[in-house]
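Data from data.cif: mmCIF, C-alpha atoms and all ligand atoms
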data_protein
loop_
_atom_site.label_atom_id
_atom_site.label_comp_id
_atom_site.auth_asym_id
_atom_site.auth_seq_id
_atom_site.Cartn_x
_atom_site.Cartn_y
_atom_site.Cartn_z
CA MET A 1238 4.33 9.38 -17.55
CA ALA A 1239 2.87 8.14 -14.28
CA LEU A 1240 5.27 6.62 -11.76
CA LEU A 1241 3.07 3.58 -11.29
CA GLU A 1242 0.27 2.32 -13.46
CA ILE A 1243 -1.64 -0.85 -12.64
CA ARG A 1244 -4.12 -2.02 -15.24
CA ASN A 1245 -6.68 -4.77 -14.86
CA LEU A 1246 -4.58 -6.88 -12.50
CA HIS A 1247 -5.95 -10.35 -11.80
CA LEU A 1248 -4.43 -12.73 -9.28
CA TYR A 1249 -5.49 -16.24 -8.29
CA MET A 1250 -4.39 -17.97 -5.12
CA ARG A 1251 -4.37 -21.76 -5.00
CA SER A 1252 -5.76 -23.30 -1.83
CA PHE A 1253 -7.05 -26.70 -0.67
CA GLU A 1254 -10.59 -25.73 -1.57
CA GLY A 1255 -9.72 -24.46 -5.05
CA ASP A 1256 -8.49 -21.31 -6.75
CA ALA A 1257 -9.47 -18.09 -5.02
CA HIS A 1258 -9.81 -15.12 -7.35
CA VAL A 1259 -8.22 -12.66 -4.91
CA LEU A 1260 -7.49 -9.73 -7.23
CA ASN A 1261 -10.16 -9.15 -9.80
CA GLY A 1262 -9.29 -6.18 -11.95
CA ILE A 1263 -7.19 -3.65 -10.03
CA ASP A 1264 -6.62 -0.27 -11.71
CA LEU A 1265 -4.46 2.36 -10.11
CA THR A 1266 -2.35 5.31 -11.25
CA LEU A 1267 0.16 6.95 -8.96
CA GLU A 1268 2.13 10.10 -9.71
CA ARG A 1269 5.38 11.30 -8.16
CA GLY A 1270 5.04 13.61 -5.18
CA ARG A 1271 1.62 12.19 -4.34
CA ILE A 1272 0.25 10.02 -1.55
CA HIS A 1273 -2.34 7.59 -2.87
CA GLY A 1274 -4.53 5.81 -0.34
CA LEU A 1275 -5.71 2.24 -0.82
CA VAL A 1276 -8.68 1.43 1.40
CA GLY A 1277 -11.24 -1.32 1.88
CA GLU A 1278 -12.40 -3.92 4.38
CA THR A 1279 -10.07 -6.57 5.71
CA GLY A 1280 -9.36 -9.29 3.16
CA CYS A 1281 -10.21 -7.14 0.13
CA GLY A 1282 -6.69 -7.51 -1.31
CA LYS A 1283 -4.88 -4.33 -0.27
CA SER A 1284 -1.72 -6.06 0.91
CA LEU A 1285 -1.70 -8.42 -2.07
CA THR A 1286 -1.88 -5.41 -4.38
CA GLY A 1287 1.11 -3.84 -2.61
CA LEU A 1288 3.06 -7.08 -2.64
CA SER A 1289 2.24 -7.65 -6.32
CA ILE A 1290 3.95 -4.38 -7.25
CA SER A 1291 7.22 -5.63 -5.81
CA ARG A 1292 6.37 -9.14 -7.03
CA LEU A 1293 6.64 -10.54 -3.54
CA VAL A 1294 3.59 -12.79 -3.63
CA PRO A 1295 5.02 -16.31 -3.80
CA SER A 1296 4.05 -18.08 -6.99
CA PRO A 1297 2.80 -20.78 -6.47
CA PRO A 1298 0.37 -20.53 -4.71
CA ALA A 1299 -0.22 -17.23 -6.53
CA ARG A 1300 -0.81 -17.00 -10.26
CA TYR A 1301 -1.10 -13.76 -12.20
CA ALA A 1302 -3.85 -14.29 -14.75
CA ALA A 1303 -3.96 -10.91 -16.48
CA GLY A 1304 -2.98 -7.29 -16.27
CA SER A 1305 0.08 -5.10 -16.21
CA ILE A 1306 2.04 -3.18 -13.59
CA ARG A 1307 4.11 -0.42 -15.16
CA PHE A 1308 6.69 1.26 -12.98
CA ASP A 1309 8.30 4.29 -14.59
CA GLY A 1310 7.23 2.94 -17.97
CA ARG A 1311 8.56 -0.58 -17.44
CA ASP A 1312 6.27 -3.61 -17.17
CA LEU A 1313 7.16 -5.36 -13.92
CA MET A 1314 5.27 -8.49 -14.93
CA GLU A 1315 7.95 -9.01 -17.56
CA ALA A 1316 10.92 -8.27 -15.27
CA SER A 1317 13.31 -11.04 -14.18
CA GLU A 1318 13.85 -11.89 -10.51
CA ALA A 1319 17.31 -10.24 -10.64
CA GLU A 1320 15.81 -7.04 -12.03
CA MET A 1321 13.13 -7.10 -9.34
CA ARG A 1322 15.73 -7.57 -6.61
CA ALA A 1323 17.62 -4.53 -7.86
CA LEU A 1324 14.40 -2.47 -7.98
CA ARG A 1325 13.36 -3.51 -4.48
CA GLY A 1326 16.65 -2.54 -2.89
CA ARG A 1327 16.76 0.77 -4.61
CA ARG A 1328 13.78 2.24 -6.41
CA ILE A 1329 10.85 0.64 -4.59
CA GLY A 1330 10.81 0.86 -0.79
CA MET A 1331 8.37 -1.15 1.28
CA ILE A 1332 7.01 -1.12 4.79
CA PHE A 1333 5.24 -4.41 5.40
CA GLN A 1334 2.11 -4.99 7.41
CA ASP A 1335 3.41 -8.20 8.95
CA PRO A 1336 5.64 -7.18 11.89
CA THR A 1337 7.62 -10.44 11.79
CA THR A 1338 9.06 -9.45 8.39
CA ASN A 1339 10.25 -6.14 9.73
CA LEU A 1340 13.01 -5.63 12.30
CA ASN A 1341 14.83 -8.70 13.53
CA PRO A 1342 14.86 -8.59 17.35
CA ALA A 1343 18.23 -10.39 17.52
CA PHE A 1344 20.29 -7.78 15.68
CA ARG A 1345 21.20 -4.20 16.43
CA VAL A 1346 19.07 -1.69 14.51
CA GLY A 1347 22.17 -0.13 12.91
CA GLU A 1348 23.44 -3.48 11.64
CA GLN A 1349 20.13 -4.26 9.94
CA MET A 1350 20.07 -0.86 8.30
CA ILE A 1351 23.71 -1.05 7.20
CA ASP A 1352 22.91 -4.33 5.41
CA VAL A 1353 20.13 -2.57 3.51
CA ALA A 1354 22.42 0.38 2.71
CA LEU A 1355 25.17 -1.93 1.44
CA HIS A 1356 22.70 -3.75 -0.76
CA ALA A 1357 21.42 -0.45 -2.16
CA GLY A 1358 25.06 0.58 -2.69
CA GLN A 1359 25.68 -2.58 -4.67
CA VAL A 1360 22.84 -1.74 -7.02
CA ASP A 1361 23.89 1.91 -7.28
CA SER A 1362 27.22 2.92 -5.78
CA GLY A 1363 26.17 6.58 -5.92
CA ILE A 1364 23.81 5.93 -2.99
CA LEU A 1365 26.83 5.67 -0.70
CA GLY A 1366 28.50 8.63 -2.37
CA LEU A 1367 31.39 6.44 -3.51
CA GLY A 1368 32.94 5.42 -6.78
CA PRO A 1369 32.57 1.82 -8.04
CA ASP A 1370 36.04 0.79 -6.84
CA ALA A 1371 35.70 1.81 -3.20
CA SER A 1372 37.07 -0.70 -0.70
CA ARG A 1373 34.91 -2.79 1.62
CA ALA A 1374 35.87 -0.71 4.62
CA GLU A 1375 35.05 2.52 2.81
CA ARG A 1376 31.67 1.14 1.76
CA ARG A 1377 30.86 0.07 5.30
CA ALA A 1378 31.85 3.43 6.75
CA ALA A 1379 29.74 5.23 4.14
CA ALA A 1380 26.78 2.90 4.79
CA CYS A 1381 27.06 3.67 8.49
CA ARG A 1382 27.07 7.43 7.82
CA LEU A 1383 24.04 7.09 5.56
CA VAL A 1384 22.15 5.11 8.20
CA VAL A 1385 22.79 7.76 10.85
CA GLU A 1386 21.75 10.48 8.42
CA MET A 1387 18.50 8.70 7.52
CA LEU A 1388 17.67 8.03 11.17
CA GLY A 1389 18.20 11.72 11.85
CA LYS A 1390 15.86 12.60 8.98
CA VAL A 1391 13.01 10.54 10.41
CA GLY A 1392 13.43 12.25 13.78
CA ILE A 1393 15.45 9.73 15.82
CA ARG A 1394 17.43 11.88 18.23
CA ASP A 1395 21.04 11.04 18.94
CA ALA A 1396 21.00 8.64 16.00
CA ALA A 1397 24.76 7.97 16.10
CA ALA A 1398 24.37 6.37 19.52
CA ARG A 1399 21.02 4.67 18.88
CA VAL A 1400 22.36 2.54 16.01
CA ASP A 1401 23.84 0.18 18.60
CA ASP A 1402 20.48 -0.43 20.24
CA TYR A 1403 18.27 -3.47 19.66
CA PRO A 1404 14.72 -3.07 18.34
CA HIS A 1405 13.15 -3.70 21.77
CA GLN A 1406 14.93 -0.60 23.06
CA PHE A 1407 12.80 1.55 20.74
CA SER A 1408 9.15 2.46 21.30
CA GLY A 1409 6.54 1.43 18.72
CA GLY A 1410 6.55 4.87 17.12
CA MET A 1411 10.35 4.92 16.98
CA ARG A 1412 10.43 1.45 15.42
CA GLN A 1413 8.04 2.68 12.76
CA ARG A 1414 10.37 5.63 12.10
CA VAL A 1415 13.27 3.19 11.79
CA LEU A 1416 11.29 1.15 9.25
CA ILE A 1417 10.52 4.26 7.24
CA ALA A 1418 14.20 5.24 7.32
CA MET A 1419 15.11 1.73 6.21
CA ALA A 1420 12.64 1.82 3.31
CA LEU A 1421 14.06 5.17 2.21
CA ILE A 1422 17.75 4.29 2.33
CA GLY A 1423 17.93 3.43 -1.37
CA ARG A 1424 16.29 6.81 -2.15
CA PRO A 1425 13.32 5.04 -3.76
CA ASP A 1426 10.95 6.70 -6.17
CA LEU A 1427 8.05 4.67 -4.82
CA LEU A 1428 7.24 3.83 -1.22
CA ILE A 1429 4.62 1.19 -0.47
CA ALA A 1430 3.53 1.57 3.14
CA ASP A 1431 1.14 -1.13 4.35
CA GLU A 1432 -0.74 0.02 7.48
CA PRO A 1433 2.25 2.05 8.72
CA THR A 1434 0.35 3.68 11.58
CA THR A 1435 -2.24 1.09 12.55
CA ALA A 1436 -0.47 -0.15 15.68
CA LEU A 1437 0.25 3.36 16.95
CA ASP A 1438 -1.70 5.70 19.19
CA VAL A 1439 -3.24 8.76 17.56
CA THR A 1440 -0.56 11.29 18.50
CA VAL A 1441 2.27 9.10 17.23
CA GLN A 1442 0.15 8.28 14.17
CA ALA A 1443 -0.14 12.00 13.41
CA GLN A 1444 3.65 12.40 13.75
CA ILE A 1445 4.35 9.52 11.39
CA LEU A 1446 1.87 10.83 8.83
CA ARG A 1447 3.46 14.27 9.00
CA LEU A 1448 6.85 12.65 8.53
CA ILE A 1449 5.69 10.77 5.44
CA ARG A 1450 4.24 13.99 4.03
CA ASP A 1451 7.51 15.87 4.62
CA LEU A 1452 9.53 13.09 3.02
CA VAL A 1453 7.26 13.15 -0.02
CA ASP A 1454 7.94 16.86 -0.39
CA GLU A 1455 11.67 16.44 0.12
CA PHE A 1456 12.25 13.46 -2.16
CA GLN A 1457 9.32 13.77 -4.60
CA LEU A 1458 8.38 10.21 -3.71
CA GLY A 1459 5.19 8.56 -4.80
CA VAL A 1460 3.58 6.77 -1.85
CA LEU A 1461 1.00 4.01 -1.91
CA LEU A 1462 -0.50 4.20 1.56
CA ILE A 1463 -2.45 1.08 2.44
CA THR A 1464 -4.84 1.54 5.33
CA HIS A 1465 -8.32 0.68 6.48
CA ASN A 1466 -8.53 4.06 8.18
CA LEU A 1467 -10.50 6.60 6.16
CA GLY A 1468 -9.44 9.36 8.55
CA VAL A 1469 -5.79 8.75 7.66
CA VAL A 1470 -6.67 8.95 3.98
CA ALA A 1471 -8.54 12.21 4.47
CA GLN A 1472 -5.54 13.66 6.30
CA VAL A 1473 -2.72 12.87 3.91
CA CYS A 1474 -3.82 11.30 0.63
CA SER A 1475 -4.51 13.40 -2.43
CA GLN A 1476 -5.90 10.38 -4.27
CA VAL A 1477 -7.76 7.33 -3.05
CA SER A 1478 -8.72 3.92 -4.43
CA VAL A 1479 -11.50 2.03 -2.73
CA MET A 1480 -11.29 -1.75 -3.03
CA TYR A 1481 -13.99 -4.33 -2.53
CA ALA A 1482 -13.42 -8.09 -2.74
CA GLY A 1483 -10.37 -7.77 -4.98
CA SER A 1484 -11.62 -5.02 -7.30
CA THR A 1485 -11.17 -1.27 -7.42
CA VAL A 1486 -14.71 0.04 -7.10
CA GLU A 1487 -14.02 3.77 -6.93
CA ASP A 1488 -10.95 5.87 -7.51
CA GLY A 1489 -10.20 9.57 -7.68
CA PRO A 1490 -9.15 12.72 -5.85
CA THR A 1491 -9.78 12.12 -2.13
CA ARG A 1492 -11.83 15.27 -1.78
CA ALA A 1493 -14.16 14.36 -4.63
CA VAL A 1494 -14.56 10.74 -3.55
CA PHE A 1495 -15.23 11.61 0.10
CA ARG A 1496 -17.52 14.58 -0.63
CA ALA A 1497 -19.53 12.92 -3.32
CA PRO A 1498 -18.98 9.15 -3.24
CA ARG A 1499 -20.68 7.42 -6.16
CA HIS A 1500 -20.22 3.72 -5.48
CA PRO A 1501 -22.71 2.29 -2.96
CA TYR A 1502 -19.82 0.56 -1.17
CA THR A 1503 -17.87 3.80 -0.73
CA LYS A 1504 -21.06 5.45 0.49
CA ALA A 1505 -21.60 2.66 3.00
CA LEU A 1506 -17.99 2.84 4.22
CA LEU A 1507 -18.25 6.57 4.78
CA ALA A 1508 -21.66 6.25 6.42
CA ALA A 1509 -20.21 3.66 8.81
CA LEU A 1510 -17.79 6.22 10.25
CA PRO A 1511 -18.73 7.46 13.69
CA ARG A 1512 -19.70 11.12 13.45
CA GLU A 1513 -20.17 14.00 15.77
CA GLY A 1514 -23.75 14.29 16.87
CA LEU A 1515 -24.41 10.56 16.56
CA ALA A 1516 -25.68 8.95 19.76
CA ARG A 1517 -23.49 6.36 21.44
CA GLY A 1518 -23.76 2.91 19.90
CA GLU A 1519 -25.44 4.35 16.85
CA LEU A 1520 -23.25 3.31 13.99
CA LYS A 1521 -24.55 2.67 10.52
CA GLY A 1522 -22.96 -0.70 9.89
CA LEU A 1523 -22.64 -2.44 6.60
CA ALA A 1524 -24.98 -5.41 6.49
CA GLY A 1525 -23.74 -8.76 5.23
CA SER A 1526 -20.16 -9.83 4.71
CA VAL A 1527 -17.50 -10.03 2.01
CA PRO A 1528 -18.27 -12.80 -0.52
CA SER A 1529 -16.24 -15.97 -0.81
CA LEU A 1530 -13.44 -15.45 -3.29
CA LEU A 1531 -13.58 -19.16 -4.21
CA THR A 1532 -17.08 -18.78 -5.61
CA PRO A 1533 -17.52 -15.05 -6.08
CA PRO A 1534 -20.82 -13.62 -7.37
CA ARG A 1535 -20.97 -13.66 -11.16
CA GLY A 1536 -21.77 -10.00 -11.67
CA CYS A 1537 -20.84 -7.18 -9.34
CA ARG A 1538 -19.18 -8.58 -6.23
CA PHE A 1539 -20.92 -6.02 -4.07
CA ALA A 1540 -24.41 -6.80 -5.42
CA PRO A 1541 -25.41 -9.22 -2.60
CA ARG A 1542 -24.96 -6.41 -0.05
CA CYS A 1543 -26.11 -3.51 -2.20
CA VAL A 1544 -29.47 -1.89 -1.59
CA HIS A 1545 -29.49 -0.49 -5.13
CA ALA A 1546 -28.72 -3.77 -6.92
CA ILE A 1547 -30.94 -4.75 -9.84
CA ASP A 1548 -30.92 -8.02 -11.80
CA THR A 1549 -28.30 -6.79 -14.29
CA CYS A 1550 -25.91 -6.11 -11.38
CA ARG A 1551 -26.05 -9.79 -10.45
CA GLU A 1552 -25.22 -10.86 -13.99
CA ARG A 1553 -22.78 -8.35 -15.43
CA ARG A 1554 -19.47 -7.25 -14.01
CA PRO A 1555 -19.35 -3.46 -13.96
CA ILE A 1556 -16.53 -1.75 -15.85
CA ALA A 1557 -14.91 1.31 -14.30
CA GLU A 1558 -16.10 4.53 -15.92
CA GLU A 1559 -14.91 8.06 -15.49
CA ILE A 1560 -17.78 10.13 -14.16
CA GLN A 1561 -15.70 13.27 -13.65
CA ALA A 1562 -12.13 14.18 -14.46
CA GLY A 1563 -10.00 11.57 -12.69
CA HIS A 1564 -12.94 10.15 -10.70
CA THR A 1565 -13.90 6.63 -11.80
CA VAL A 1566 -16.59 4.30 -10.52
CA ALA A 1567 -17.26 0.66 -11.31
CA CYS A 1568 -21.01 0.49 -10.84
CA LEU A 1569 -23.64 -0.20 -13.47
CA ARG A 1570 -25.92 2.32 -11.82
CA ALA A 1571 -23.33 5.07 -11.26
CA ALA A 1572 -24.73 7.20 -14.05
CA GLU A 1573 -28.24 7.09 -12.60
CA PRO A 1574 -29.38 9.67 -10.09
CA VAL A 1575 -29.70 7.21 -7.18
CA ALA A 1576 -29.61 8.34 -3.57
N1 LIG B 1601 -0.74 -16.70 0.92
C1 LIG B 1601 -2.06 -16.73 0.74
N2 LIG B 1601 -2.70 -17.88 0.40
C2 LIG B 1601 -4.03 -17.91 0.21
N3 LIG B 1601 -4.84 -16.84 0.32
C3 LIG B 1601 -4.27 -15.67 0.65
C4 LIG B 1601 -2.85 -15.54 0.89
N4 LIG B 1601 -2.59 -14.25 1.19
C5 LIG B 1601 -3.78 -13.61 1.15
N5 LIG B 1601 -4.79 -14.45 0.84
C6 LIG B 1601 -6.22 -14.10 0.69
O1 LIG B 1601 -6.33 -13.03 -0.22
C7 LIG B 1601 -7.30 -12.09 0.21
C8 LIG B 1601 -6.70 -10.72 0.27
O2 LIG B 1601 -5.73 -10.66 1.30
P1 LIG B 1601 -4.95 -9.34 1.70
O3 LIG B 1601 -3.96 -9.73 2.74
O4 LIG B 1601 -4.43 -8.68 0.50
O5 LIG B 1601 -6.11 -8.44 2.35
P2 LIG B 1601 -6.01 -6.99 3.01
O6 LIG B 1601 -6.97 -6.12 2.26
O7 LIG B 1601 -4.60 -6.55 3.10
O8 LIG B 1601 -6.62 -7.24 4.47
P3 LIG B 1601 -6.21 -6.57 5.88
O9 LIG B 1601 -6.95 -5.28 5.94
O10 LIG B 1601 -6.73 -7.55 6.87
O11 LIG B 1601 -4.73 -6.43 5.92
C9 LIG B 1601 -7.81 -12.61 1.55
O12 LIG B 1601 -9.05 -13.24 1.31
C10 LIG B 1601 -6.77 -13.58 2.01
O13 LIG B 1601 -7.36 -14.60 2.77
MG MG B 1602 -3.33 -6.21 4.60
#

When written as structure tokens, how does the structure in this file appear?
Amino acid sequence: MALLEIRNLHLYMRSFEGDAHVLNGIDLTLERGRIHGLVGETGCGKSLTGLSISRLVPSPPARYAAGSIRFDGRDLMEASEAEMRALRGRRIGMIFQDPTTNLNPAFRVGEQMIDVALHAGQVDSGILGLGPDASRAERRAAACRLVVEMLGKVGIRDAAARVDDYPHQFSGGMRQRVLIAMALIGRPDLLIADEPTTALDVTVQAQILRLIRDLVDEFQLGVLLITHNLGVVAQVCSQVSVMYAGSTVEDGPTRAVFRAPRHPYTKALLAALPREGLARGELKGLAGSVPSLLTPPRGCRFAPRCVHAIDTCRERRPIAEEIQAGHTVACLRAAEPVA
């Protein structure tokens, strides 16, 4: 059984101008021990997909119209808020894109992490290595030990002393390590990391990616890595889903998708990457812009920008089809030998 299975997820977002159809049929399967990349242009719904898994999109304004999200066989759309809270503290770890929801500048890093550890310990006392009738003081001491251990694991040197520091005393890369440690305290099975390296320079980015890869090996985690950086996906993700305007347009093993992309949008994204040998300023951009999600095109949402679009594309929504083992494409013309 897959660790995470999203099928045909549809989400509407109410706004002053009307209902925006922000997720329009998301399909994704994530296995344990794998890093699955989720890519696409800004506004295509990557963060909303991540937040939907932990059911953190406030509703209203959000409304789930269809679909299922199965986590370890259990449908999260049916779960109660209490069940979701227990899952979030323990089995699903998250690193958010929005920095204001991350570390609180007013509290010591250790304190913030101990709170998370105590919460995880409430859900599952085994996390702290204690029995259910441990005293408050014992739980706090165990939480503190766990925090130091986790900080050590993510490469924070002298962790026992650093727990008393405030977030501003850490560099950007160190703060990101702290956030990863925090997300892993409950020993989750699934880690959702939304743009975890975007704000970092390339060397620190490489360190953080290596760290995530090592942690996956150590804990057999499944990671959903949300990024707009195709280079990051190529480096660490075994699988990738490409999103466009709220839909998964192509999905499969990273190597297959990047070597032989079949959806015109994936092709355009890859062609837009700067390459060696390309003259300065010569970048094959993607013409046009993402459609309005309030009045999306009736057929394929990419059709208005697609050089291969035919009339049917503008009328019929393409259904994802498997063109090779594990490689699916939602394009009416995917089966045709187009360039
Ligand atoms: N709370 C909200 N209310 C209304 N619309 C929203 C809300 N949150 C997101 N949206 C809209 O939903 C769409 C998808 O947003 P989302 O944040 O998931 O994009 P993203 O792919 O993560 O983009 P980025 O790469 O910029 O992080 C966008 O058009 C956005 O404007
Ligand atoms: Mg986002």

Next item on the list: Check the smallest atom-to-atom distance from each of A:Ile1332, A:Ala1567, A:Ala1323, A:Leu1265 to Ser1305 of chain A using all atoms listed in the file, then report the winner.
Entry: A:Leu1265

Next item on the list: Kindly compile the residues surrounding ligand MG 1602 (chain B) within 7 Å, counting all atoms listed in the file, and format them as a ChimeraX atom specification.
Entry: /A:1279-1280,1282-1284,1334,1431

Would you export the selected residues with C-alpha atoms as a compact mmCIF listing (two decimals), keeping the file's coordinate frame, please?
# COMPACT_ATOMS: atom_id res chain seq x y z
CA THR A 1279 -10.07 -6.57 5.71
CA GLY A 1280 -9.36 -9.29 3.16
CA GLY A 1282 -6.69 -7.51 -1.31
CA LYS A 1283 -4.88 -4.33 -0.27
CA SER A 1284 -1.72 -6.06 0.91
CA GLN A 1334 2.11 -4.99 7.41
CA ASP A 1431 1.14 -1.13 4.35

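Nearest residue to Leu1248 of chain A among A:Ala1572, A:Asp1454, A:Gly1483, A:Ala1546 is A:Gly1483, counting all atoms listed in the file.
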
Checklist line | Spatial neighbours of Lys1504 of chain A, 10 Å, all atoms listed in the file, chain gap at least 6 places, as a VMD selection string | finding: chain A and resid 1494 to 1498 1576

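For Ser1475 of chain A, the set of protein, DNA and RNA residues having any atom at most 8 Å away, when counting all atoms listed in the file and skipping those fewer than 6 positions along the same chain, is A:Arg1271, A:Ile1272, A:His1273, A:Gly1274, A:Pro1490, A:Thr1491, A:Arg1492.
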
Item checked: Test item: residues no farther than 7 Å from ligand LIG 1601 (chain B), counting all atoms listed in the file, as a PyMOL selection string -> chain A and resi 1250-1252+1259+1277-1286+1298+1465+1530

Item checked: Test item: residues at most 12 Å from Thr1549 of chain A, all atoms listed in the file, excluding those fewer than 5 positions along its chain, as a PyMOL selection string -> chain A and resi 1535-1537+1540+1554-1555+1568-1570

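Contact shell of Ala1354 of chain A at 7 Å (only C-alpha atoms; same-chain neighbours under 3 positions omitted): A:Met1350, A:Ile1351, A:Ala1357, A:Gly1358, A:Ala1380, A:Ile1422, A:Gly1423.
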
Next item on the list: Kindly provide, as a PyMOL selection string, the polymer residues lying within 7 Å of (18.5, 8.6, -6.1), counting all atoms listed in the file and using the coordinates exactly as they appear in the file.
Entry: chain A and resi 1364+1424-1425

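Of the listed residues (A:Thr1485, A:Thr1266, A:Asn1245, A:Gln1413), A:Thr1266 comes nearest to Leu1461 of chain A; the distances count all atoms listed in the file.
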